[in-house]
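Student: Here it is, the structure in full.
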Amino acid sequence: MSELKIFLGPPGAGKGTQAIKIASEFGLAHISTGDMLRAHINNKTDLGKIAKSVMDEGQLVSDDLVIAMLVERLGSDDCKNGAILDGFPRTLPQAKSLEDIRNKFPVSKVFVFEVDEEELVQRILLRGQTSGRSDDTEESIKVRFEIYTQDTEPLIDFYNQQDKVFRIDAVGDIDKIYHDIAKHFN
Ligand code: AMP
C-alpha cells in the first residue's frame, strides 16, 4: 500500500517548495501535476498542446486528462513508498478518482496551506519575475483564485468528513512551516 499525502492550497501558498523538501527527506515521490503539464508543453506533446492555452488563462485542464496522467504516474516505481500530491486533486471528480484507487493508494493526510490572498498575489507576482511561468500574470492569477474558491476549496470539507485535514499556517519562516508539516510524517 502506498499512502498519498495531499498538499492543498491556493496558488502561491508554497506547496511546491515544501513538497520538494518533505519528499526528499522522507523518501516519497513528489508529484506536481502542474510541473508534469509544463513538461508536456515544453516537449510539445499532444497533451501539452491542449493544456497550454488553458493554463495560460489560469483555467483548469480537464479532469479526464489530468486524472489519466496522474494514475499513470502513480504506476512508477518511485511511488512504492508513497507520494506527495502537489496540486492534485483540484476538483471533486479528481478527488473521487482517488477513492476509486484507494485500495492501492489510500489518501492518509491532507495538508491545507493557509495564506491570505493579498500576500499570495504579491508572492506570485514576485515569482513571475523569475519563474518564466506564463501564467504568473495578474489576469491569470485572478482566474486561478476564483477557480480555487469555487472548485478546490470544497475539497477541504470532503476530506474533513474523513478526518484527514491538517491546517498549516503557511505564512512566515519556510523552515518553521516545514517543521509544522514534517511532524505529521513518520
Ligand atoms: P500549478 O503549478 O499547480 O499552479 O498548476 C498550474 C496550472 O496547471 C493550473 O493553473 C492548471 O491550469 C493546471 N493544472 C495543474 N494541476 C491541475 C489539476 N489537478 N487539474 C487541472 N488543472 C491542473
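So you can find residues: chains in the C-alpha cells are A, B, ... in the order shown, residues in each start at 1, and ligands are numbered from 1 in order.
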Which neighbours of A:Ala39 fall inside 10 Å, counting only C-alpha atoms, when residues of the same chain fewer than 6 positions from it are skipped, and could you give them as a PDB file with all heavy atoms, in the first residue's frame?
Tutor:
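As written to disk, part.pdb reads:
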```
ATOM      1  N   THR A  33       1.183  17.976 -10.583  1.00  0.00           N
ATOM      2  CA  THR A  33       0.526  17.879 -11.892  1.00  0.00           C
ATOM      3  C   THR A  33       0.835  19.127 -12.728  1.00  0.00           C
ATOM      4  O   THR A  33       0.932  19.043 -13.947  1.00  0.00           O
ATOM      5  CB  THR A  33      -0.997  17.678 -11.730  1.00  0.00           C
ATOM      6  OG1 THR A  33      -1.499  18.558 -10.722  1.00  0.00           O
ATOM      7  CG2 THR A  33      -1.313  16.249 -11.367  1.00  0.00           C
ATOM      8  N   THR A  45       4.020  17.836 -26.625  1.00  0.00           N
ATOM      9  CA  THR A  45       3.189  16.635 -26.797  1.00  0.00           C
ATOM     10  C   THR A  45       1.759  17.054 -27.133  1.00  0.00           C
ATOM     11  O   THR A  45       1.400  18.240 -27.004  1.00  0.00           O
ATOM     12  CB  THR A  45       3.143  15.800 -25.506  1.00  0.00           C
ATOM     13  OG1 THR A  45       2.435  16.571 -24.512  1.00  0.00           O
ATOM     14  CG2 THR A  45       4.531  15.470 -24.978  1.00  0.00           C
ATOM     15  N   GLY A  48       0.307  18.558 -24.154  1.00  0.00           N
ATOM     16  CA  GLY A  48       0.872  19.895 -23.971  1.00  0.00           C
ATOM     17  C   GLY A  48       0.182  20.927 -24.844  1.00  0.00           C
ATOM     18  O   GLY A  48      -0.078  22.057 -24.411  1.00  0.00           O
TER      19      GLY A  48
END
```
Student: Can you tell me, as a PyMOL selection string, what residues are no more than 12 Å from A:Glu119 when counting only C-alpha atoms, ignoring any on the same chain fewer than 4 positions away?
Tutor: chain A and resi 10-14+114-115+123-126+170-172
Student: Could you list, with a cut-off of 7 Å and counting only C-alpha atoms and all ligand atoms, the residues of chain A near ligand 1, each shown with its nearest atom pair and the distance in Å rounded to one decimal, rows sorted by chain and ascending number, as JSON lines?
Tutor:
```
{"residue": "A:Pro11", "atom": "CA", "partner": "ligand 1", "partner_atom_place_in_ligand_line": "4 (O)", "distance": 5.6}
{"residue": "A:Ser32", "atom": "CA", "partner": "ligand 1", "partner_atom_place_in_ligand_line": "3 (O)", "distance": 6.4}
{"residue": "A:Thr33", "atom": "CA", "partner": "ligand 1", "partner_atom_place_in_ligand_line": "16 (N)", "distance": 4.4}
{"residue": "A:Gly34", "atom": "CA", "partner": "ligand 1", "partner_atom_place_in_ligand_line": "2 (O)", "distance": 3.5}
{"residue": "A:Asp35", "atom": "CA", "partner": "ligand 1", "partner_atom_place_in_ligand_line": "2 (O)", "distance": 5.7}
{"residue": "A:Leu37", "atom": "CA", "partner": "ligand 1", "partner_atom_place_in_ligand_line": "8 (O)", "distance": 6.3}
{"residue": "A:Val54", "atom": "CA", "partner": "ligand 1", "partner_atom_place_in_ligand_line": "12 (O)", "distance": 5.9}
{"residue": "A:Met55", "atom": "CA", "partner": "ligand 1", "partner_atom_place_in_ligand_line": "12 (O)", "distance": 3.6}
{"residue": "A:Gly58", "atom": "CA", "partner": "ligand 1", "partner_atom_place_in_ligand_line": "10 (O)", "distance": 4.7}
{"residue": "A:Gln59", "atom": "CA", "partner": "ligand 1", "partner_atom_place_in_ligand_line": "12 (O)", "distance": 4.9}
{"residue": "A:Leu60", "atom": "CA", "partner": "ligand 1", "partner_atom_place_in_ligand_line": "22 (N)", "distance": 3.8}
{"residue": "A:Val61", "atom": "CA", "partner": "ligand 1", "partner_atom_place_in_ligand_line": "22 (N)", "distance": 4.0}
{"residue": "A:Ser62", "atom": "CA", "partner": "ligand 1", "partner_atom_place_in_ligand_line": "21 (C)", "distance": 5.9}
{"residue": "A:Asp63", "atom": "CA", "partner": "ligand 1", "partner_atom_place_in_ligand_line": "20 (N)", "distance": 6.1}
{"residue": "A:Val66", "atom": "CA", "partner": "ligand 1", "partner_atom_place_in_ligand_line": "20 (N)", "distance": 5.7}
{"residue": "A:Asp86", "atom": "CA", "partner": "ligand 1", "partner_atom_place_in_ligand_line": "3 (O)", "distance": 6.7}
{"residue": "A:Gly87", "atom": "CA", "partner": "ligand 1", "partner_atom_place_in_ligand_line": "3 (O)", "distance": 4.4}
{"residue": "A:Phe88", "atom": "CA", "partner": "ligand 1", "partner_atom_place_in_ligand_line": "19 (N)", "distance": 4.0}
{"residue": "A:Pro89", "atom": "CA", "partner": "ligand 1", "partner_atom_place_in_ligand_line": "19 (N)", "distance": 5.0}
{"residue": "A:Arg90", "atom": "CA", "partner": "ligand 1", "partner_atom_place_in_ligand_line": "19 (N)", "distance": 4.8}
{"residue": "A:Arg144", "atom": "CA", "partner": "ligand 1", "partner_atom_place_in_ligand_line": "10 (O)", "distance": 6.1}
```
Student: Residues of the last selection are to be written out with C-alpha atoms, as an mmCIF file, in the first residue's frame.
Tutor:
```cif
data_model
loop_
_atom_site.group_PDB
_atom_site.id
_atom_site.type_symbol
_atom_site.label_atom_id
_atom_site.label_comp_id
_atom_site.auth_asym_id
_atom_site.auth_seq_id
_atom_site.Cartn_x
_atom_site.Cartn_y
_atom_site.Cartn_z
ATOM 1 C CA PRO A 11 -1.771 29.259 -5.890
ATOM 2 C CA SER A 32 3.152 18.038 -9.158
ATOM 3 C CA THR A 33 0.526 17.879 -11.892
ATOM 4 C CA GLY A 34 1.423 21.484 -12.802
ATOM 5 C CA ASP A 35 5.090 20.510 -13.345
ATOM 6 C CA LEU A 37 1.775 19.606 -17.578
ATOM 7 C CA VAL A 54 -5.956 26.624 -20.775
ATOM 8 C CA MET A 55 -3.093 27.029 -18.328
ATOM 9 C CA GLY A 58 -5.487 30.207 -15.401
ATOM 10 C CA GLN A 59 -8.255 27.696 -16.111
ATOM 11 C CA LEU A 60 -8.132 24.016 -15.196
ATOM 12 C CA VAL A 61 -7.105 21.301 -17.615
ATOM 13 C CA SER A 62 -9.945 18.785 -17.996
ATOM 14 C CA ASP A 63 -10.431 16.216 -15.268
ATOM 15 C CA VAL A 66 -5.292 15.143 -15.558
ATOM 16 C CA ASP A 86 1.044 18.777 -5.056
ATOM 17 C CA GLY A 87 -1.801 20.437 -6.946
ATOM 18 C CA PHE A 88 -3.993 17.343 -7.270
ATOM 19 C CA PRO A 89 -6.903 16.880 -6.647
ATOM 20 C CA ARG A 90 -8.300 20.288 -7.580
ATOM 21 C CA ARG A 144 -6.829 30.922 -10.578
#
```
Student: Figure out the distance between atom CA of A:Glu146 and atom CA of A:Leu98, please, to one decimal in Å.
Tutor: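 So the two atoms, atom CA of A:Leu98 and atom CA of A:Glu146, lie 23.8 Å apart.
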Student: Find, counting only C-alpha atoms, the residue in A:His30, A:His184, A:Arg127, A:Lys164 that gets nearest to A:Pro106.
Tutor: A:Lys164
Student: Extract, using only C-alpha atoms, all DNA, RNA and protein residues at most 8 Å from stretch 69-79 of chain A, discarding same-chain residues fewer than 3 positions from it, and format them as a PyMOL selection string.
Tutor: chain A and resi 2+28-29+33+65-66+82-83
Student: Which polymer residues have any atom within 12 Å of an atom of A:Phe111, counting only C-alpha atoms, with same-chain residues fewer than 2 positions away left out, as a PyMOL selection string?
Tutor: chain A and resi 4-10+13-15+18-19+84-88+107-109+113-114+155-156+159-160+163-170+177-178+180-185
Student: Which parts of stretch 66-171 of chain A does DSSP call alpha helix (DSSP H) when run on the backbone here, written out as a PyMOL selection string?
Tutor: chain A and resi 66-74+92-100+117-131+138-147+154-160
Student: Would you please work out which residue, of A:Ser97, A:Gln129, A:Ile41, A:Asn186, is nearest to A:Asp64 when using only C-alpha atoms?
Tutor: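 Checking each candidate against A:Asp64, we get A:Ser97 as the closest.
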Student: List as an mmCIF file with N, CA and C atoms, in the first residue's frame the protein and nucleic acid residues near A:Asp151, meaning an atom at most 7 Å away when only C-alpha atoms are counted, but skip any in the same chain fewer than 3 places from it.
Tutor:
```
data_model
loop_
_atom_site.group_PDB
_atom_site.id
_atom_site.type_symbol
_atom_site.label_atom_id
_atom_site.label_comp_id
_atom_site.auth_asym_id
_atom_site.auth_seq_id
_atom_site.Cartn_x
_atom_site.Cartn_y
_atom_site.Cartn_z
ATOM 1 N N ARG A 90 -7.856 18.894 -7.574
ATOM 2 C CA ARG A 90 -8.300 20.288 -7.580
ATOM 3 C C ARG A 90 -9.807 20.385 -7.743
ATOM 4 N N THR A 91 -10.463 19.267 -8.036
ATOM 5 C CA THR A 91 -11.922 19.260 -8.222
ATOM 6 C C THR A 91 -12.484 18.015 -7.543
ATOM 7 N N ILE A 147 -11.141 30.050 -9.353
ATOM 8 C CA ILE A 147 -11.290 28.601 -9.521
ATOM 9 C C ILE A 147 -10.950 27.872 -8.229
ATOM 10 N N TYR A 148 -9.942 28.359 -7.539
ATOM 11 C CA TYR A 148 -9.588 27.712 -6.266
ATOM 12 C C TYR A 148 -10.782 27.760 -5.307
ATOM 13 N N PRO A 154 -13.934 23.407 -1.814
ATOM 14 C CA PRO A 154 -14.893 22.425 -1.290
ATOM 15 C C PRO A 154 -14.263 21.079 -0.925
#
```
Student: Please, which residues of stretch 46-144 of chain A, numbered as in this document, come out strand (DSSP E or B) from DSSP, as a PyMOL selection string?
Tutor: chain A and resi 83-86+107-114
Student: Keeping only all heavy atoms, write the selected residues as a short mmCIF file (atom, residue, chain, number, x, y, z; two decimals), in the first residue's frame.
Tutor:
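The resulting file, part-v8.cif, is shown below:
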```cif
data_model
loop_
_atom_site.label_atom_id
_atom_site.label_comp_id
_atom_site.auth_asym_id
_atom_site.auth_seq_id
_atom_site.Cartn_x
_atom_site.Cartn_y
_atom_site.Cartn_z
N ALA A 83 3.53 8.88 -1.95
CA ALA A 83 3.77 10.09 -2.74
C ALA A 83 3.09 11.30 -2.12
O ALA A 83 2.10 11.16 -1.38
CB ALA A 83 3.28 9.89 -4.17
N ILE A 84 3.66 12.45 -2.43
CA ILE A 84 3.00 13.71 -2.08
C ILE A 84 2.36 14.24 -3.35
O ILE A 84 3.04 14.37 -4.38
CB ILE A 84 4.02 14.74 -1.56
CG1 ILE A 84 4.62 14.23 -0.25
CG2 ILE A 84 3.36 16.10 -1.37
CD1 ILE A 84 5.70 15.14 0.29
N LEU A 85 1.08 14.52 -3.28
CA LEU A 85 0.38 15.09 -4.43
C LEU A 85 0.31 16.61 -4.24
O LEU A 85 -0.29 17.09 -3.28
CB LEU A 85 -1.03 14.51 -4.56
CG LEU A 85 -1.12 12.99 -4.70
CD1 LEU A 85 -2.57 12.59 -5.00
CD2 LEU A 85 -0.19 12.47 -5.78
N ASP A 86 0.93 17.32 -5.15
CA ASP A 86 1.04 18.78 -5.06
C ASP A 86 0.24 19.37 -6.22
O ASP A 86 0.67 19.31 -7.36
CB ASP A 86 2.55 19.10 -5.12
CG ASP A 86 2.87 20.53 -5.51
OD1 ASP A 86 1.97 21.38 -5.50
OD2 ASP A 86 4.06 20.78 -5.82
N VAL A 107 -5.50 7.81 0.51
CA VAL A 107 -5.12 9.15 0.96
C VAL A 107 -5.06 9.12 2.48
O VAL A 107 -6.05 8.83 3.14
CB VAL A 107 -6.17 10.20 0.50
CG1 VAL A 107 -5.88 11.55 1.14
CG2 VAL A 107 -6.19 10.31 -1.02
N SER A 108 -3.88 9.39 3.06
CA SER A 108 -3.78 9.30 4.52
C SER A 108 -3.94 10.67 5.19
O SER A 108 -4.57 10.77 6.23
CB SER A 108 -2.47 8.65 4.94
OG SER A 108 -1.38 9.38 4.45
N LYS A 109 -3.37 11.71 4.59
CA LYS A 109 -3.45 13.04 5.21
C LYS A 109 -3.57 14.12 4.15
O LYS A 109 -3.02 13.99 3.05
CB LYS A 109 -2.20 13.32 6.06
CG LYS A 109 -2.15 12.44 7.29
CD LYS A 109 -0.93 12.65 8.14
CE LYS A 109 -1.03 11.70 9.34
NZ LYS A 109 0.21 11.52 10.06
N VAL A 110 -4.26 15.19 4.53
CA VAL A 110 -4.43 16.32 3.60
C VAL A 110 -3.97 17.58 4.33
O VAL A 110 -4.53 17.94 5.37
CB VAL A 110 -5.91 16.46 3.17
CG1 VAL A 110 -6.10 17.66 2.27
CG2 VAL A 110 -6.39 15.18 2.47
N PHE A 111 -2.94 18.22 3.80
CA PHE A 111 -2.41 19.44 4.41
C PHE A 111 -2.97 20.64 3.67
O PHE A 111 -2.77 20.78 2.46
CB PHE A 111 -0.88 19.44 4.37
CG PHE A 111 -0.30 18.31 5.17
CD1 PHE A 111 -0.07 17.07 4.60
CD2 PHE A 111 -0.04 18.48 6.52
CE1 PHE A 111 0.41 16.01 5.35
CE2 PHE A 111 0.45 17.44 7.29
CZ PHE A 111 0.68 16.19 6.70
N VAL A 112 -3.67 21.48 4.41
CA VAL A 112 -4.27 22.67 3.81
C VAL A 112 -3.41 23.87 4.15
O VAL A 112 -3.24 24.22 5.32
CB VAL A 112 -5.72 22.87 4.31
CG1 VAL A 112 -6.29 24.16 3.75
CG2 VAL A 112 -6.59 21.68 3.90
N PHE A 113 -2.83 24.48 3.12
CA PHE A 113 -1.95 25.64 3.30
C PHE A 113 -2.79 26.90 3.39
O PHE A 113 -3.53 27.23 2.46
CB PHE A 113 -0.99 25.75 2.12
CG PHE A 113 0.13 24.74 2.12
CD1 PHE A 113 -0.14 23.38 2.18
CD2 PHE A 113 1.45 25.15 2.05
CE1 PHE A 113 0.90 22.44 2.19
CE2 PHE A 113 2.49 24.23 2.06
CZ PHE A 113 2.21 22.88 2.12
N GLU A 114 -2.65 27.63 4.50
CA GLU A 114 -3.46 28.83 4.68
C GLU A 114 -2.59 30.09 4.59
O GLU A 114 -1.65 30.27 5.36
CB GLU A 114 -4.17 28.77 6.03
CG GLU A 114 -5.11 27.57 6.09
CD GLU A 114 -5.99 27.56 7.31
OE1 GLU A 114 -5.48 27.87 8.42
OE2 GLU A 114 -7.18 27.24 7.17
#
```
Student: With only C-alpha atoms as the basis for distance, which of A:Ile101, A:Ser134, A:Thr17, A:Ile141 is at the shortest distance from A:Ile174?
Tutor: A:Thr17
Student: Quick one: distance from atom CA of A:Leu120 to atom CA of A:Ile50 in Å, one decimal?
Tutor: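 These two atoms are separated by 27.5 Å.
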Student: Given the choices A:Asp116, A:Asp135, A:Glu25, A:Asp175, which gets closest to A:Ala51 if the distance is worked out from only C-alpha atoms?
Tutor: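 Going through A:Asp116, A:Asp135, A:Glu25, A:Asp175 one by one, the smallest distance to A:Ala51 is for A:Asp135.
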Student: Which distance in Å separates atom CA of A:Gln162 and atom CA of A:Gln150, to one decimal?
Tutor: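 The value is 20.6 Å.
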